[in-house]
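Dumped my_file.pdb below, it's PDB, C-alpha atoms:
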MODEL        1
ATOM      1  CA  MET A   1      -7.142 -41.315  18.104
ATOM      2  CA  PRO A   2      -6.701 -38.628  15.457
ATOM      3  CA  ARG A   3      -4.886 -39.224  12.238
ATOM      4  CA  GLY A   4      -1.213 -38.384  12.046
ATOM      5  CA  MET A   5      -1.730 -35.280   9.929
ATOM      6  CA  LEU A   6      -4.155 -33.931  12.531
ATOM      7  CA  LYS A   7      -1.736 -34.383  15.422
ATOM      8  CA  SER A   8       0.648 -31.700  14.233
ATOM      9  CA  ARG A   9      -0.557 -28.194  14.957
ATOM     10  CA  ARG A  10      -0.693 -27.227  11.290
ATOM     11  CA  LEU A  11      -4.499 -27.038  11.572
ATOM     12  CA  ARG A  12      -6.478 -24.895  13.960
ATOM     13  CA  ARG A  13      -8.685 -26.735  16.484
ATOM     14  CA  VAL A  14     -12.260 -25.574  16.861
ATOM     15  CA  PHE A  15     -14.709 -27.008  19.372
ATOM     16  CA  VAL A  16     -18.202 -27.118  17.924
ATOM     17  CA  LYS A  17     -21.371 -27.885  19.827
ATOM     18  CA  ALA A  18     -23.298 -30.679  18.158
ATOM     19  CA  PRO A  19     -27.126 -30.714  18.258
ATOM     20  CA  GLY A  20     -27.074 -33.628  20.686
ATOM     21  CA  GLY A  21     -25.314 -31.466  23.279
ATOM     22  CA  ASN A  22     -21.849 -32.988  23.074
ATOM     23  CA  THR A  23     -18.890 -31.007  21.761
ATOM     24  CA  LYS A  24     -16.967 -32.124  18.727
ATOM     25  CA  LEU A  25     -13.478 -31.223  17.576
ATOM     26  CA  GLN A  26     -13.102 -29.769  14.090
ATOM     27  CA  TYR A  27      -9.850 -28.990  12.326
ATOM     28  CA  LYS A  28      -9.681 -25.822  10.248
ATOM     29  CA  GLU A  29      -6.922 -24.228   8.202
ATOM     30  CA  ARG A  30      -5.078 -21.332   9.785
ATOM     31  CA  LYS A  31      -5.355 -17.930   8.142
ATOM     32  CA  PRO A  32      -2.434 -15.541   7.762
ATOM     33  CA  SER A  33      -2.360 -12.323   9.777
ATOM     34  CA  LYS A  34      -4.188  -9.278   8.440
ATOM     35  CA  ALA A  35      -2.320  -6.864   6.199
ATOM     36  CA  VAL A  36      -1.162  -3.780   8.069
ATOM     37  CA  CYS A  37      -0.050  -0.273   7.086
ATOM     38  CA  ALA A  38       3.741  -0.102   6.922
ATOM     39  CA  HIS A  39       3.763   3.290   8.613
ATOM     40  CA  CYS A  40       0.980   3.424  11.238
ATOM     41  CA  LYS A  41       0.313  -0.331  11.645
ATOM     42  CA  LYS A  42      -3.410   0.100  11.092
ATOM     43  CA  VAL A  43      -5.267  -2.850   9.509
ATOM     44  CA  LEU A  44      -5.575  -2.190   5.785
ATOM     45  CA  ALA A  45      -9.010  -2.018   4.197
ATOM     46  CA  GLY A  46      -9.514  -3.644   0.822
ATOM     47  CA  VAL A  47      -6.819  -6.279   1.338
ATOM     48  CA  PRO A  48      -8.266  -9.768   1.930
ATOM     49  CA  TYR A  49      -6.617 -12.069   4.424
ATOM     50  CA  ALA A  50      -6.990 -15.431   2.819
ATOM     51  CA  THR A  51      -4.801 -18.487   2.463
ATOM     52  CA  SER A  52      -2.161 -18.380  -0.230
ATOM     53  CA  ALA A  53      -4.115 -20.842  -2.388
ATOM     54  CA  GLU A  54      -7.182 -18.589  -2.288
ATOM     55  CA  MET A  55      -5.077 -15.498  -3.010
ATOM     56  CA  ARG A  56      -3.513 -17.209  -6.023
ATOM     57  CA  ASN A  57      -6.874 -17.598  -7.752
ATOM     58  CA  MET A  58      -8.006 -14.067  -6.954
ATOM     59  CA  PRO A  59      -7.637 -11.348  -9.592
ATOM     60  CA  LYS A  60      -5.038  -8.662  -8.927
ATOM     61  CA  THR A  61      -7.696  -5.979  -8.571
ATOM     62  CA  ALA A  62      -9.324  -7.863  -5.702
ATOM     63  CA  LYS A  63      -6.082  -8.097  -3.735
ATOM     64  CA  ARG A  64      -5.284  -4.445  -3.124
ATOM     65  CA  PRO A  65      -6.764  -0.970  -3.682
ATOM     66  CA  GLN A  66      -5.936   0.625  -7.019
ATOM     67  CA  ARG A  67      -3.857   3.603  -5.940
ATOM     68  CA  PRO A  68      -0.169   4.363  -5.335
ATOM     69  CA  TYR A  69       1.135   2.405  -2.311
ATOM     70  CA  GLY A  70      -2.103   0.363  -2.419
ATOM     71  CA  GLY A  71      -1.792  -2.627  -0.108
ATOM     72  CA  VAL A  72       1.280  -1.129   1.606
ATOM     73  CA  LEU A  73       0.188   2.145   3.180
ATOM     74  CA  CYS A  74      -3.229   3.164   4.481
ATOM     75  CA  SER A  75      -4.935   6.020   2.649
ATOM     76  CA  THR A  76      -4.107   8.709   5.212
ATOM     77  CA  CYS A  77      -0.414   7.778   5.326
ATOM     78  CA  MET A  78      -0.328   7.682   1.506
ATOM     79  CA  ARG A  79      -1.824  11.187   1.354
ATOM     80  CA  LYS A  80       0.826  12.492   3.747
ATOM     81  CA  VAL A  81       3.595  10.967   1.638
ATOM     82  CA  LEU A  82       2.194  12.482  -1.561
ATOM     83  CA  GLN A  83       1.668  15.864   0.108
ATOM     84  CA  GLU A  84       5.304  15.970   1.185
ATOM     85  CA  LYS A  85       6.354  14.966  -2.319
ATOM     86  CA  ALA A  86       4.235  17.748  -3.873
ATOM     87  CA  ARG A  87       5.573  20.359  -1.447
ATOM     88  CA  SER A  88       9.210  19.390  -2.019
ATOM     89  CA  GLU A  89       8.768  19.873  -5.783
ATOM     90  CA  LYS A  90       9.050  23.367  -7.188
TER      91      LYS A  90
ATOM     92  CA  MET B   1      -8.924  35.256  -4.820
ATOM     93  CA  SER B   2      -8.846  31.744  -3.583
ATOM     94  CA  LEU B   3      -5.878  29.462  -3.964
ATOM     95  CA  TYR B   4      -7.797  27.242  -6.358
ATOM     96  CA  GLN B   5      -8.047  29.426  -9.452
ATOM     97  CA  ILE B   6      -8.260  28.481 -13.113
ATOM     98  CA  GLY B   7      -4.824  27.418 -14.373
ATOM     99  CA  ARG B   8      -3.472  26.282 -10.987
ATOM    100  CA  ILE B   9      -1.522  23.039 -11.230
ATOM    101  CA  CYS B  10      -2.505  20.582  -8.514
ATOM    102  CA  MET B  11      -1.572  17.081  -7.426
ATOM    103  CA  LYS B  12      -4.324  14.656  -6.592
ATOM    104  CA  LEU B  13      -4.014  13.026  -3.192
ATOM    105  CA  ALA B  14      -6.931  10.606  -3.138
ATOM    106  CA  GLY B  15      -8.169   7.743  -5.251
ATOM    107  CA  ARG B  16      -6.618   5.938  -8.163
ATOM    108  CA  ASP B  17      -5.405   9.211  -9.741
ATOM    109  CA  ALA B  18      -3.409   9.994  -6.561
ATOM    110  CA  GLY B  19       0.092  11.311  -7.250
ATOM    111  CA  LYS B  20      -0.859  12.582 -10.717
ATOM    112  CA  LYS B  21      -0.911  16.225 -11.712
ATOM    113  CA  GLY B  22      -3.591  18.253 -13.436
ATOM    114  CA  VAL B  23      -4.875  21.788 -14.029
ATOM    115  CA  ILE B  24      -8.010  23.393 -12.706
ATOM    116  CA  ILE B  25     -10.257  24.216 -15.661
ATOM    117  CA  GLU B  26     -13.463  25.226 -13.995
ATOM    118  CA  ILE B  27     -14.585  26.284 -10.552
ATOM    119  CA  ILE B  28     -17.992  25.010  -9.525
ATOM    120  CA  ASP B  29     -18.173  26.460  -6.000
ATOM    121  CA  ASN B  30     -15.788  26.942  -3.092
ATOM    122  CA  GLN B  31     -15.656  23.178  -2.512
ATOM    123  CA  PHE B  32     -15.533  21.595  -5.969
ATOM    124  CA  VAL B  33     -13.432  22.224  -9.088
ATOM    125  CA  ILE B  34     -12.977  20.402 -12.385
ATOM    126  CA  LEU B  35      -9.507  19.000 -12.945
ATOM    127  CA  ASP B  36      -7.903  17.716 -16.145
ATOM    128  CA  GLY B  37      -4.419  16.618 -17.206
ATOM    129  CA  ALA B  38      -2.550  13.451 -16.298
ATOM    130  CA  THR B  39      -5.588  12.639 -14.152
ATOM    131  CA  ARG B  40      -8.986  11.874 -15.572
ATOM    132  CA  ARG B  41     -11.183  14.897 -16.384
ATOM    133  CA  LYS B  42     -13.306  14.946 -13.259
ATOM    134  CA  LYS B  43     -15.114  17.000 -10.666
ATOM    135  CA  VAL B  44     -12.852  16.991  -7.618
ATOM    136  CA  ASN B  45     -13.224  17.995  -4.000
ATOM    137  CA  VAL B  46     -10.670  20.634  -3.033
ATOM    138  CA  LYS B  47      -9.793  18.568   0.057
ATOM    139  CA  HIS B  48      -8.374  15.903  -2.268
ATOM    140  CA  LEU B  49      -5.966  18.345  -3.943
ATOM    141  CA  GLU B  50      -2.549  19.708  -3.092
ATOM    142  CA  PRO B  51      -1.928  23.028  -4.895
ATOM    143  CA  MET B  52       1.486  23.539  -6.511
ATOM    144  CA  GLU B  53       3.358  26.772  -7.135
ATOM    145  CA  GLN B  54       2.849  26.911 -10.898
ATOM    146  CA  ILE B  55      -0.054  28.680 -12.580
ATOM    147  CA  VAL B  56      -0.632  28.102 -16.289
ATOM    148  CA  LYS B  57      -2.473  30.370 -18.716
ATOM    149  CA  ILE B  58      -5.513  28.440 -19.833
ATOM    150  CA  LYS B  59      -9.040  29.171 -20.996
ATOM    151  CA  ASP B  60     -12.098  28.567 -18.870
ATOM    152  CA  LYS B  61     -13.502  25.090 -19.666
ATOM    153  CA  ALA B  62     -10.594  24.308 -22.010
ATOM    154  CA  SER B  63     -10.735  21.088 -24.023
ATOM    155  CA  HIS B  64      -8.561  18.089 -23.192
ATOM    156  CA  GLN B  65      -6.312  18.677 -26.230
ATOM    157  CA  GLU B  66      -5.645  22.276 -25.145
ATOM    158  CA  VAL B  67      -4.860  21.120 -21.618
ATOM    159  CA  LYS B  68      -2.522  18.483 -23.005
ATOM    160  CA  SER B  69      -0.576  20.949 -25.173
ATOM    161  CA  VAL B  70      -0.257  23.455 -22.312
ATOM    162  CA  LEU B  71       0.867  20.866 -19.770
ATOM    163  CA  GLU B  72       3.464  19.346 -22.074
ATOM    164  CA  LYS B  73       5.161  22.757 -22.321
ATOM    165  CA  VAL B  74       5.442  22.812 -18.515
ATOM    166  CA  GLY B  75       6.839  19.270 -18.489
ATOM    167  CA  ILE B  76       3.870  17.232 -17.320
ATOM    168  CA  ILE B  77       3.332  14.207 -19.528
ATOM    169  CA  VAL B  78      -0.285  13.435 -20.350
ATOM    170  CA  THR B  79      -0.931   9.930 -21.646
ATOM    171  CA  ASP B  80      -4.307   9.090 -23.073
ATOM    172  CA  LYS B  81      -5.624   5.607 -22.674
ATOM    173  CA  LYS B  82      -7.432   4.249 -25.670
ATOM    174  CA  SER B  83     -10.069   1.670 -24.937
ATOM    175  CA  LYS B  84      -9.835  -1.133 -27.420
ATOM    176  CA  LYS B  85     -12.920  -2.430 -29.142
ATOM    177  CA  PRO B  86     -13.684  -6.052 -28.307
ATOM    178  CA  ALA B  87     -13.115  -7.073 -31.933
ATOM    179  CA  GLN B  88      -9.592  -5.592 -31.903
ATOM    180  CA  ARG B  89      -8.486  -7.563 -28.888
ATOM    181  CA  GLN B  90      -6.255 -10.488 -29.567
ATOM    182  CA  PHE B  91      -5.986 -13.001 -26.813
ATOM    183  CA  PRO B  92      -2.933 -15.230 -26.864
ATOM    184  CA  VAL B  93      -3.842 -18.820 -27.651
ATOM    185  CA  ARG B  94      -2.373 -21.345 -25.306
ATOM    186  CA  LYS B  95      -0.591 -24.218 -26.882
ATOM    187  CA  SER B  96      -0.685 -27.560 -25.190
ATOM    188  CA  LYS B  97       2.554 -29.546 -25.146
ATOM    189  CA  LYS B  98       1.352 -32.146 -27.630
ATOM    190  CA  THR B  99       0.468 -29.681 -30.380
ATOM    191  CA  VAL B 100       3.802 -27.918 -29.972
ATOM    192  CA  MET B 101       5.708 -31.170 -30.361
ATOM    193  CA  VAL B 102       3.773 -32.120 -33.496
ATOM    194  CA  LYS B 103       4.237 -28.692 -35.036
ATOM    195  CA  GLU B 104       7.990 -28.660 -34.400
ATOM    196  CA  GLY B 105       8.338 -32.071 -35.986
ATOM    197  CA  LYS B 106       6.290 -31.018 -38.979
ATOM    198  CA  THR B 107       8.144 -27.777 -39.538
ATOM    199  CA  LYS B 108      11.648 -29.097 -39.030
ATOM    200  CA  LYS B 109      11.547 -32.071 -41.344
ATOM    201  CA  PRO B 110      10.337 -30.439 -44.570
ATOM    202  CA  VAL B 111      12.850 -27.606 -44.163
ATOM    203  CA  VAL B 112      15.710 -30.107 -44.234
ATOM    204  CA  LYS B 113      14.165 -31.988 -47.140
ATOM    205  CA  LYS B 114      13.555 -28.822 -49.120
ATOM    206  CA  ALA B 115      17.138 -27.687 -48.648
ATOM    207  CA  THR B 116      18.487 -31.017 -49.864
ATOM    208  CA  VAL B 117      16.062 -31.096 -52.775
ATOM    209  CA  LYS B 118      16.962 -27.571 -53.736
ATOM    210  CA  LYS B 119      20.653 -28.361 -53.596
ATOM    211  CA  ALA B 120      20.108 -31.454 -55.709
ATOM    212  CA  GLU B 121      18.072 -29.447 -58.174
ATOM    213  CA  ALA B 122      20.689 -26.744 -58.255
ATOM    214  CA  LYS B 123      23.370 -29.361 -58.946
ATOM    215  CA  GLU B 124      21.294 -30.887 -61.711
ATOM    216  CA  THR B 125      20.629 -27.538 -63.324
ATOM    217  CA  SER B 126      24.256 -26.557 -63.113
ATOM    218  CA  LEU B 127      25.218 -29.909 -64.650
ATOM    219  CA  GLU B 128      22.696 -29.436 -67.428
ATOM    220  CA  GLN B 129      23.977 -25.953 -68.095
ATOM    221  CA  ASN B 130      27.519 -27.218 -68.216
ATOM    222  CA  LEU B 131      26.512 -29.974 -70.588
ATOM    223  CA  ASP B 132      24.665 -27.494 -72.783
ATOM    224  CA  SER B 133      27.591 -25.115 -72.878
ATOM    225  CA  LYS B 134      29.922 -28.014 -73.687
ATOM    226  CA  ALA B 135      27.594 -29.166 -76.428
ATOM    227  CA  GLU B 136      27.525 -25.647 -77.854
ATOM    228  CA  LYS B 137      31.310 -25.500 -77.798
ATOM    229  CA  ILE B 138      31.559 -28.778 -79.578
ATOM    230  CA  GLU B 139      29.135 -27.621 -82.227
TER     231      GLU B 139
ENDMDL
END
Could you render the structure from this file as structure tokens?
Amino acid sequence: MPRGMLKSRRLRRVFVKAPGGNTKLQYKERKPSKAVCAHCKKVLAGVPYATSAEMRNMPKTAKRPQRPYGGVLCSTCMRKVLQEKARSEK
Amino acid sequence: MSLYQIGRICMKLAGRDAGKKGVIIEIIDNQFVILDGATRRKKVNVKHLEPMEQIVKIKDKASHQEVKSVLEKVGIIVTDKKSKKPAQRQFPVRKSKKTVMVKEGKTKKPVVKKATVKKAEAKETSLEQNLDSKAEKIE
């Protein structure tokens, strides 16, 4: 019988094959969903998808690319936005 | 004449200088130019640039100071970052709660004492002066 904390579905259940041939149940922490471009919904590169505790100890530079709209828009969408901005200026 | 000529103001679209404006100073070939201004002074691919309408009069291979003075007339602000030497850096020292408490106690008490002492001294001096003046009058 699992412990009480393991009975709630807070933790992910992973079946692992043991060397003896029998399967064993392991409990692992769930990860948040991957960061996605706000415009085209593509998965963002350079943005880690880690638990909040891991993200807290990470430096700011490791969390998102160092450019305008970094971590919000993908690079192609960001370029389009900036292009429009440049063309609207006189 | 190509669109990317010397003196053309451009906006960078890629990298960490994206969204910043600069001037073309030098043309290397039909793919690469050298850009300077609010961006870093760098060799840039033309694909990463968006040309603007303005063209500025500037020398070929102009220095950063010249570029800065020209761009500020047009209204583009150029800020230079100065890298600090490691000796100049001052890191804030964290105070633990205990030390703070001790310091407050130490600082507060003598201030009160000093004030009282000063007042007492002032009273004494004033009294002495009065006495002296009275003594003089009597004499």
Find the spatial neighbours of B:Pro51, counting only C-alpha atoms, within a cut-off of 9 Å - ignore same-chain residues fewer than 6 positions away - and output them as a ChimeraX atom specification.
/A:86-87 /B:3-4,8-12
Just the selected residues (C-alpha atoms), exported as a JSON list (two decimals), in the frame of the given file, please.
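The result, written out as result.json:
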[["chain", "number", "residue", "atom", "x", "y", "z"],
["A", 86, "ALA", "CA", 4.24, 17.75, -3.87],
["A", 87, "ARG", "CA", 5.57, 20.36, -1.45],
["B", 3, "LEU", "CA", -5.88, 29.46, -3.96],
["B", 4, "TYR", "CA", -7.80, 27.24, -6.36],
["B", 8, "ARG", "CA", -3.47, 26.28, -10.99],
["B", 9, "ILE", "CA", -1.52, 23.04, -11.23],
["B", 10, "CYS", "CA", -2.50, 20.58, -8.51],
["B", 11, "MET", "CA", -1.57, 17.08, -7.43],
["B", 12, "LYS", "CA", -4.32, 14.66, -6.59]]
Taking all atoms of stretch 1-13 of chain A that appear in the file, build a box with edges along x, y and z, extend it by 6 Å on every side, and state its centre and edge lengths in Å to one decimal, as JSON.
{"center_x": -4.0, "center_y": -33.1, "center_z": 14.0, "size_x": 21.3, "size_y": 28.4, "size_z": 20.2}
Care to translate the PyMOL selection byres ((chain B) within 12 of (chain A)) into actual residues of this file, as an MDAnalysis selection string?
chainID B and resid 9:21 47:55 74
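For the pair atom CA of A:Lys34 and atom CA of A:Leu73, the interatomic distance is 13.3 Å.
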Apply the PyMOL selection byres ((chain A and resi 47) around 6) to the structure shown and report the selected residues as a ChimeraX atom specification.
/A:45-46,48,63-64
Selection above as a file: C-alpha atoms, as a PDB file, keeping the file's coordinate frame:
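Written file, again_13.pdb:
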ATOM      1  CA  ALA A  45      -9.010  -2.018   4.197  1.00  0.00           C
ATOM      2  CA  GLY A  46      -9.514  -3.644   0.822  1.00  0.00           C
ATOM      3  CA  PRO A  48      -8.266  -9.768   1.930  1.00  0.00           C
ATOM      4  CA  LYS A  63      -6.082  -8.097  -3.735  1.00  0.00           C
ATOM      5  CA  ARG A  64      -5.284  -4.445  -3.124  1.00  0.00           C
TER       6      ARG A  64
END
List every protein, DNA or RNA residue with an atom no more than 10 Å from (-12.4, -23.7, 18.9) in the file's coordinates, counting all atoms listed in the file, and format the result as a PyMOL selection string.
chain A and resi 12-17+24-28
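Evaluated against the shown file, the PyMOL selection byres ((chain B and resi 25) around 6) gives B:Ile6, B:Ile24, B:Glu26, B:Ile34, B:Leu35, B:Asp60, B:Lys61.
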